[in-house]
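K.L.:
I am sharing target-v1.txt, which consists of compact mmCIF, C-alpha atoms:
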# COMPACT_ATOMS: atom_id res chain seq x y z
CA MET A 25 97.92 92.99 169.48
CA SER A 26 95.70 92.18 166.51
CA LEU A 27 93.29 94.66 165.01
CA ASN A 28 89.75 93.54 165.78
CA VAL A 29 88.36 94.07 162.29
CA LYS A 30 86.51 92.18 159.59
CA PHE A 31 87.44 92.16 155.93
CA GLY A 32 85.37 92.97 152.89
CA VAL A 33 85.75 93.46 149.14
CA THR A 34 83.74 95.50 146.67
CA THR A 35 81.82 93.96 143.81
CA TRP A 36 83.30 96.72 141.62
CA LEU A 37 86.53 94.72 141.60
CA TRP A 38 84.81 92.34 139.16
CA THR A 39 81.62 93.84 137.77
CA SER A 40 79.41 96.87 137.08
CA PRO A 41 76.58 97.41 137.57
CA PHE A 42 75.76 94.98 140.37
CA SER A 43 72.61 92.99 139.59
CA THR A 44 70.85 89.99 141.04
CA GLU A 45 72.97 87.73 138.84
CA SER A 46 76.12 89.16 140.42
CA VAL A 47 75.57 86.92 143.46
CA SER A 48 77.56 84.38 141.42
CA LEU A 49 80.60 86.20 142.86
CA PHE A 50 79.71 85.36 146.44
CA PRO A 51 81.05 81.76 146.64
CA LYS A 52 84.56 82.71 145.58
CA ILE A 53 84.54 85.80 147.78
CA LYS A 54 83.76 83.59 150.76
CA GLU A 55 86.25 80.92 149.67
CA MET A 56 88.99 83.57 149.61
CA GLY A 57 88.25 84.23 153.28
CA TYR A 58 86.25 87.44 153.27
CA ASP A 59 83.65 88.23 155.93
CA LYS A 60 81.72 90.84 153.98
CA VAL A 61 80.87 91.84 150.44
CA GLU A 62 80.59 95.52 149.58
CA ILE A 63 77.71 95.83 147.13
CA ALA A 64 78.00 98.86 144.87
CA VAL A 65 74.45 99.91 144.00
CA GLU A 66 74.30 101.79 140.71
CA ASP A 67 70.73 100.90 139.75
CA PRO A 68 68.51 99.61 142.57
CA ALA A 69 66.00 98.26 140.04
CA LEU A 70 68.54 95.60 139.00
CA ILE A 71 68.64 94.06 142.48
CA ASP A 72 66.21 91.49 143.84
CA THR A 73 67.06 91.72 147.52
CA ALA A 74 65.31 88.47 148.40
CA VAL A 75 67.64 86.55 146.07
CA VAL A 76 70.70 88.49 147.24
CA LYS A 77 69.81 87.92 150.90
CA ARG A 78 69.52 84.20 150.31
CA ALA A 79 72.91 84.14 148.58
CA LEU A 80 74.49 86.06 151.45
CA LEU A 81 73.15 83.55 153.95
CA GLU A 82 74.23 80.57 151.84
CA ASN A 83 77.77 81.91 151.71
CA ASN A 84 77.91 83.22 155.29
CA LEU A 85 78.65 86.76 154.12
CA GLU A 86 77.43 90.10 155.41
CA ALA A 87 76.55 93.02 153.14
CA ILE A 88 77.86 96.56 153.06
CA ILE A 89 75.99 98.94 150.76
CA CYS A 90 77.71 101.74 148.86
CA GLY A 91 76.07 104.29 146.59
CA ALA A 92 77.10 105.74 143.22
CA PHE A 93 76.61 109.47 142.76
CA GLY A 94 76.82 110.76 139.21
CA PRO A 95 75.66 114.07 137.68
CA THR A 96 71.96 113.21 138.02
CA ARG A 97 72.37 112.65 141.77
CA ASP A 98 73.82 115.97 142.89
CA LEU A 99 72.66 117.42 146.20
CA THR A 100 74.68 120.60 145.60
CA SER A 101 73.12 121.42 142.23
CA GLU A 102 70.96 124.50 141.75
CA ASP A 103 68.47 122.17 140.02
CA GLU A 104 66.16 120.84 142.72
CA THR A 105 64.90 118.07 140.44
CA LEU A 106 68.37 116.54 140.77
CA HIS A 107 68.03 116.74 144.55
CA GLN A 108 64.78 114.82 144.41
CA ASN A 109 66.25 112.29 142.02
CA CYS A 110 69.08 111.75 144.50
CA PHE A 111 66.66 111.48 147.45
CA ASN A 112 64.67 108.84 145.56
CA TYR A 113 67.82 106.88 144.78
CA ILE A 114 69.09 107.11 148.36
CA GLN A 115 65.72 105.97 149.68
CA SER A 116 65.96 102.88 147.48
CA CYS A 117 69.50 102.23 148.70
CA LEU A 118 68.42 102.60 152.31
CA GLN A 119 65.72 100.01 151.74
CA ILE A 120 68.32 97.68 150.26
CA CYS A 121 70.32 98.18 153.47
CA VAL A 122 67.30 97.15 155.52
CA ASP A 123 66.54 94.16 153.30
CA LEU A 124 70.13 92.88 153.40
CA GLY A 125 70.89 93.65 157.06
CA ALA A 126 73.41 96.43 156.44
CA THR A 127 73.62 99.17 159.06
CA PHE A 128 74.67 102.12 156.90
CA LEU A 129 74.79 103.52 153.39
CA ALA A 130 78.25 104.72 152.36
CA GLY A 131 79.51 107.04 149.66
CA PRO A 132 80.28 110.63 148.62
CA MET A 133 76.61 111.55 148.57
CA TYR A 134 77.17 115.23 149.30
CA SER A 135 77.79 116.02 145.60
CA ALA A 136 78.26 114.46 142.18
CA VAL A 137 81.51 112.55 141.69
CA GLY A 138 83.67 114.35 139.17
CA LYS A 139 82.34 117.79 140.09
CA ALA A 140 85.73 119.40 140.51
CA ARG A 141 86.00 123.07 139.54
CA LEU A 142 87.60 126.26 140.72
CA VAL A 143 84.70 128.31 142.07
CA SER A 144 84.47 131.46 144.13
CA PRO A 145 84.30 131.26 147.93
CA ALA A 146 80.73 132.53 147.71
CA GLN A 147 79.70 129.76 145.32
CA LYS A 148 81.52 127.18 147.41
CA GLN A 149 79.55 128.32 150.47
CA ILE A 150 76.26 128.09 148.56
CA GLU A 151 77.02 124.51 147.56
CA TRP A 152 78.25 123.64 151.05
CA ASN A 153 74.98 124.92 152.51
CA ARG A 154 72.97 122.87 150.02
CA ALA A 155 74.94 119.77 150.96
CA VAL A 156 74.34 120.38 154.67
CA THR A 157 70.60 121.02 154.23
CA ASN A 158 70.04 118.06 151.93
CA LEU A 159 72.19 115.63 153.90
CA ARG A 160 70.28 116.51 157.04
CA LYS A 161 67.18 115.32 155.16
CA VAL A 162 69.05 112.17 154.15
CA CYS A 163 70.00 111.59 157.78
CA GLU A 164 66.33 111.80 158.73
CA MET A 165 65.52 109.25 156.02
CA ALA A 166 68.23 106.94 157.35
CA SER A 167 67.30 107.44 160.98
CA GLU A 168 63.70 106.46 160.28
CA LYS A 169 65.03 103.07 159.20
CA GLY A 170 67.50 102.75 162.06
CA LEU A 171 70.48 103.36 159.76
CA PHE A 172 73.51 105.63 159.46
CA ILE A 173 75.10 107.27 156.46
CA ALA A 174 78.87 107.22 155.97
CA LEU A 175 80.22 110.22 154.06
CA GLU A 176 83.40 109.72 152.03
CA PRO A 177 86.01 112.36 151.21
CA LEU A 178 87.29 112.16 147.62
CA ASN A 179 90.53 113.39 146.13
CA ARG A 180 90.72 116.81 144.47
CA PHE A 181 90.35 115.35 140.98
CA GLU A 182 86.94 113.90 141.86
CA SER A 183 85.47 116.57 144.13
CA ASP A 184 86.04 120.20 145.00
CA LEU A 185 83.91 120.04 148.15
CA ILE A 186 85.11 117.30 150.53
CA ASN A 187 88.72 116.12 150.13
CA THR A 188 90.06 115.43 153.62
CA THR A 189 89.04 114.12 157.01
CA GLU A 190 89.07 117.69 158.24
CA ASP A 191 86.52 118.58 155.55
CA VAL A 192 84.17 115.71 156.34
CA VAL A 193 84.41 116.28 160.11
CA ARG A 194 83.34 119.87 159.53
CA LEU A 195 80.53 118.69 157.26
CA ILE A 196 79.03 116.30 159.79
CA LYS A 197 79.39 118.95 162.49
CA ASP A 198 77.32 121.32 160.34
CA ILE A 199 74.78 118.61 159.52
CA ASP A 200 74.42 118.08 163.26
CA HIS A 201 72.58 114.75 163.11
CA GLU A 202 73.50 111.55 164.92
CA ALA A 203 73.06 109.52 161.73
CA ALA A 204 75.94 111.30 159.94
CA LYS A 205 79.16 109.28 160.10
CA ILE A 206 82.41 108.87 158.12
CA ILE A 207 83.99 106.42 155.68
CA LEU A 208 87.68 106.87 154.81
CA ASP A 209 89.27 105.48 151.65
CA GLY A 210 93.03 104.94 151.72
CA PHE A 211 93.41 105.72 148.01
CA HIS A 212 92.04 109.23 148.44
CA MET A 213 93.92 109.66 151.71
CA ASN A 214 97.21 108.86 149.98
CA ILE A 215 96.59 111.85 147.71
CA GLU A 216 95.13 114.35 150.16
CA GLU A 217 96.34 113.64 153.69
CA PRO A 218 99.82 114.68 154.84
CA ASP A 219 99.47 112.38 157.86
CA ILE A 220 97.27 109.29 157.54
CA GLU A 221 97.45 108.45 161.23
CA ALA A 222 96.37 111.95 162.24
CA ALA A 223 93.53 111.88 159.71
CA ILE A 224 92.14 108.65 161.15
CA ARG A 225 92.47 109.99 164.67
CA ALA A 226 90.54 113.11 163.61
CA ALA A 227 87.66 110.95 162.37
CA GLY A 228 87.56 109.21 165.73
CA ALA A 229 84.40 107.44 166.80
CA ASN A 230 82.57 108.77 163.73
CA LEU A 231 84.59 106.44 161.48
CA ILE A 232 82.35 103.47 160.71
CA HIS A 233 83.92 102.08 157.53
CA VAL A 234 87.36 101.90 155.90
CA GLN A 235 88.25 101.17 152.29
CA VAL A 236 91.77 100.35 151.12
CA SER A 237 93.87 99.74 148.06
CA GLU A 238 97.34 100.91 147.18
CA ASN A 239 98.30 104.46 146.25
CA TYR A 240 97.86 103.46 142.59
CA ARG A 241 94.56 101.61 143.25
CA GLY A 242 96.41 98.30 143.17
CA THR A 243 96.65 95.30 145.48
CA PRO A 244 97.27 96.20 149.14
CA GLY A 245 100.90 95.63 150.04
CA THR A 246 102.39 96.33 146.61
CA GLY A 247 102.74 100.11 146.66
CA GLN A 248 103.72 103.11 148.76
CA THR A 249 100.94 103.22 151.36
CA ARG A 250 102.10 103.85 154.93
CA TRP A 251 100.39 100.78 156.36
CA ASP A 252 102.17 101.35 159.68
CA ALA A 253 100.54 104.77 160.03
CA PHE A 254 97.21 103.36 158.90
CA ARG A 255 97.34 100.72 161.62
CA ARG A 256 98.41 103.14 164.34
CA GLY A 257 95.47 105.38 163.49
CA LEU A 258 92.96 102.54 163.66
CA GLU A 259 94.44 101.28 166.93
CA ALA A 260 94.29 104.77 168.42
CA ILE A 261 90.53 105.06 167.86
CA ASP A 262 89.79 101.41 168.75
CA TYR A 263 88.32 100.82 165.30
CA THR A 264 86.37 97.55 165.15
CA GLY A 265 84.57 97.89 161.84
CA THR A 266 85.42 96.51 158.41
CA VAL A 267 88.50 97.08 156.27
CA SER A 268 87.31 96.61 152.73
CA ILE A 269 89.29 96.45 149.48
CA GLU A 270 87.97 98.86 146.86
CA SER A 271 89.30 99.01 143.34
CA PHE A 272 87.80 98.47 139.90
CA THR A 273 87.96 96.15 136.94
CA PRO A 274 89.44 97.43 133.68
CA GLU A 275 87.20 94.98 131.82
CA ILE A 276 84.05 97.09 132.25
CA LYS A 277 84.97 100.00 129.99
CA GLU A 278 82.41 102.51 131.26
CA LEU A 279 83.48 101.92 134.86
CA ALA A 280 87.18 101.91 134.00
CA GLY A 281 86.81 105.19 132.13
CA ALA A 282 84.97 106.80 135.03
CA VAL A 283 87.79 105.98 137.47
CA CYS A 284 90.65 106.40 134.96
CA ILE A 285 91.94 102.84 135.06
CA TRP A 286 93.51 102.34 131.65
CA LYS A 287 95.30 99.04 132.23
CA PRO A 288 95.11 96.00 134.52
CA LEU A 289 96.39 96.67 138.04
CA ALA A 290 96.98 92.99 138.85
CA GLU A 291 97.52 89.72 137.01
CA SER A 292 93.82 89.01 137.55
CA GLN A 293 91.00 90.44 139.60
CA ASP A 294 90.83 87.20 141.59
CA LYS A 295 94.55 87.47 142.47
CA PHE A 296 93.99 91.12 143.40
CA ALA A 297 91.32 90.07 145.88
CA SER A 298 93.00 86.97 147.28
CA GLU A 299 96.52 88.37 147.61
CA GLY A 300 95.20 91.67 148.96
CA LEU A 301 93.30 89.83 151.68
CA GLN A 302 96.32 87.71 152.57
CA PHE A 303 98.35 90.87 153.06
CA LEU A 304 95.66 92.59 155.13
CA LYS A 305 95.20 89.61 157.44
CA LYS A 306 98.93 89.49 158.16
CA TRP A 307 98.98 93.26 158.62
CA ALA A 308 96.11 93.06 161.11
CA GLN A 309 97.46 90.09 163.07
CA ALA A 310 101.24 90.41 163.20
CA PRO A 311 102.50 93.74 161.86
CA GLU A 312 105.98 93.33 163.30
CA ASN A 313 106.59 90.38 160.96
CA ILE A 314 105.19 91.89 157.75
CA THR A 315 106.88 93.91 155.05
CA THR A 316 105.32 95.67 152.12
CA GLN A 317 105.62 93.66 148.91
CA VAL A 318 108.10 95.80 146.96
CA PRO A 319 108.09 95.60 143.13
CA ALA A 320 111.16 93.92 141.65
CA HIS A 321 112.66 97.17 140.37
CA GLN A 322 112.75 98.61 143.89
CA THR A 323 115.11 97.63 146.68
CA ALA A 324 113.72 99.54 149.67
CA GLU A 325 111.77 97.62 152.28
CA THR A 326 109.13 99.08 154.56
CA ASN A 327 108.59 97.42 157.93
CA PHE A 328 105.44 97.87 159.97
Could you rewrite the structure in this file as structure tokens?

P.N.:
Amino acid sequence: MSLNVKFGVTTWLWTSPFSTESVSLFPKIKEMGYDKVEIAVEDPALIDTAVVKRALLENNLEAIICGAFGPTRDLTSEDETLHQNCFNYIQSCLQICVDLGATFLAGPMYSAVGKARLVSPAQKQIEWNRAVTNLRKVCEMASEKGLFIALEPLNRFESDLINTTEDVVRLIKDIDHEAAKIILDGFHMNIEEPDIEAAIRAAGANLIHVQVSENYRGTPGTGQTRWDAFRRGLEAIDYTGTVSIESFTPEIKELAGAVCIWKPLAESQDKFASEGLQFLKKWAQAPENITTQVPAHQTAETNF
């Protein structure tokens, strides 16, 4: 039985920040066979949504909108001006969702990416409470526009607050708002989850988006990811959303430095996207006939 999913790819695979001119990527994304393009919004002011909408329609692509949350967009900070700055940014992103027909805003919006410290349990609870309070406000903002938010766990090197599915399930339970949902990223899961299938099952119906790459951020099918477990988890919860490739280009130095990519992860970014999609389509349609692409220096073969 095939997985009933669509496939997407992030604009971060080629460029940063996304701007109106970045729609030049759309024709090749569609030609590769993708259904959706995941637009990473770093600066909303750079995006003319009327132009982007027209380009989406011309290329028969749908948009997914993801946010970027740096130190000036930190809902757990003691500085409330940073909260407001984050609210303003999220409001702009939500409007982009509306303009481009996306149904949710995704990302680790509970805290600043890279905020990873050893703090006391008391301080952790203070920051958790701030995240809950502020994300409830974000949920209200999203709900007013008929949207959801998808909260993403990050690995321990990028966040000390939400690292696992268990963490994010507890967070949305505390937020207690119907607009709060979950996005899971296979890269982070490969670091933090002892059982990928169980983690996906735990997210259940709240899982509305999935991102994938290999354990080393490389092309799907070339690493150590347990794609069999990934598939079983998605089948178990009847997931029918998008599976989207997320990695980053080493050519944009500021972006590469932020995500610690010091060398190319594929022969080219275009091959990353095209070969990754080929693997995912086979994985979704006929897992019993697919094997992980093992690097030449390895001899083991993993069957789905």

K.L.:
Go ahead and compute the interatomic distance for CA of Arg194 (chain A) and CA of Leu258 (chain A), in Å to one decimal.

P.N.:
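CA of Leu258 (chain A) lies at a distance of 20.2 Å from CA of Arg194 (chain A).
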
K.L.:
Which residues are close to Lys205 (chain A), i.e. within 10 Å by all atoms listed in the file, leaving aside same-chain residues fewer than 2 positions away? Reply as a list in words.

P.N.:
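My list of contacting residues is Phe128, Leu129, Ala130, Cys163, Phe172, Ile173, Ala174, Leu175, Glu176, Val192, Val193, Leu195, Ile196, Lys197, His201, Glu202, Ala203, Ile207, Ala227, Ala229, Asn230, Leu231, Ile232 and His233 of chain A.
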
K.L.:
Give as a list in words every residue, naming chains and numbers as the document does, that has an atom within 6 Å of (69.4, 94.4, 148.4), counting only C-alpha atoms.

P.N.:
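The distance filter leaves exactly Ile71, Thr73, Ile120, Asp123 and Leu124 of chain A.
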
K.L.:
Using all atoms listed in the file, which protein or nucleic acid residues come within 9 Å of Lys295 (chain A)? Drop anything in the same chain fewer than 5 positions from it, and give the result as a list in words.

P.N.:
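The residues that qualify are Thr243, Ala290 and Gly300 of chain A.
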
K.L.:
Using only C-alpha atoms, determine which residues lie at most 12 Å from Asp198 (chain A), disregarding the query and same-chain residues fewer than 6 positions distant; provide the list as JSON, numbers by chain.

P.N.:
{"A": [152, 153, 154, 155, 156, 157, 158, 159, 160, 191, 192, 204]}

K.L.:
Residues around (81.7, 82.5, 155.5), cut-off 7 Å, counting all atoms listed in the file - what are they as a list in words?

P.N.:
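The requested residues, written out, are Lys54, Asp59, Asn83, Asn84 and Leu85 of chain A.
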
K.L.:
For Ala280 (chain A), which residue among A:Met56, A:Ser40, A:Val75, A:Lys148 is the nearest when counting all atoms listed in the file?

P.N.:
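Of all the options, A:Ser40 lies closest to Ala280 (chain A).
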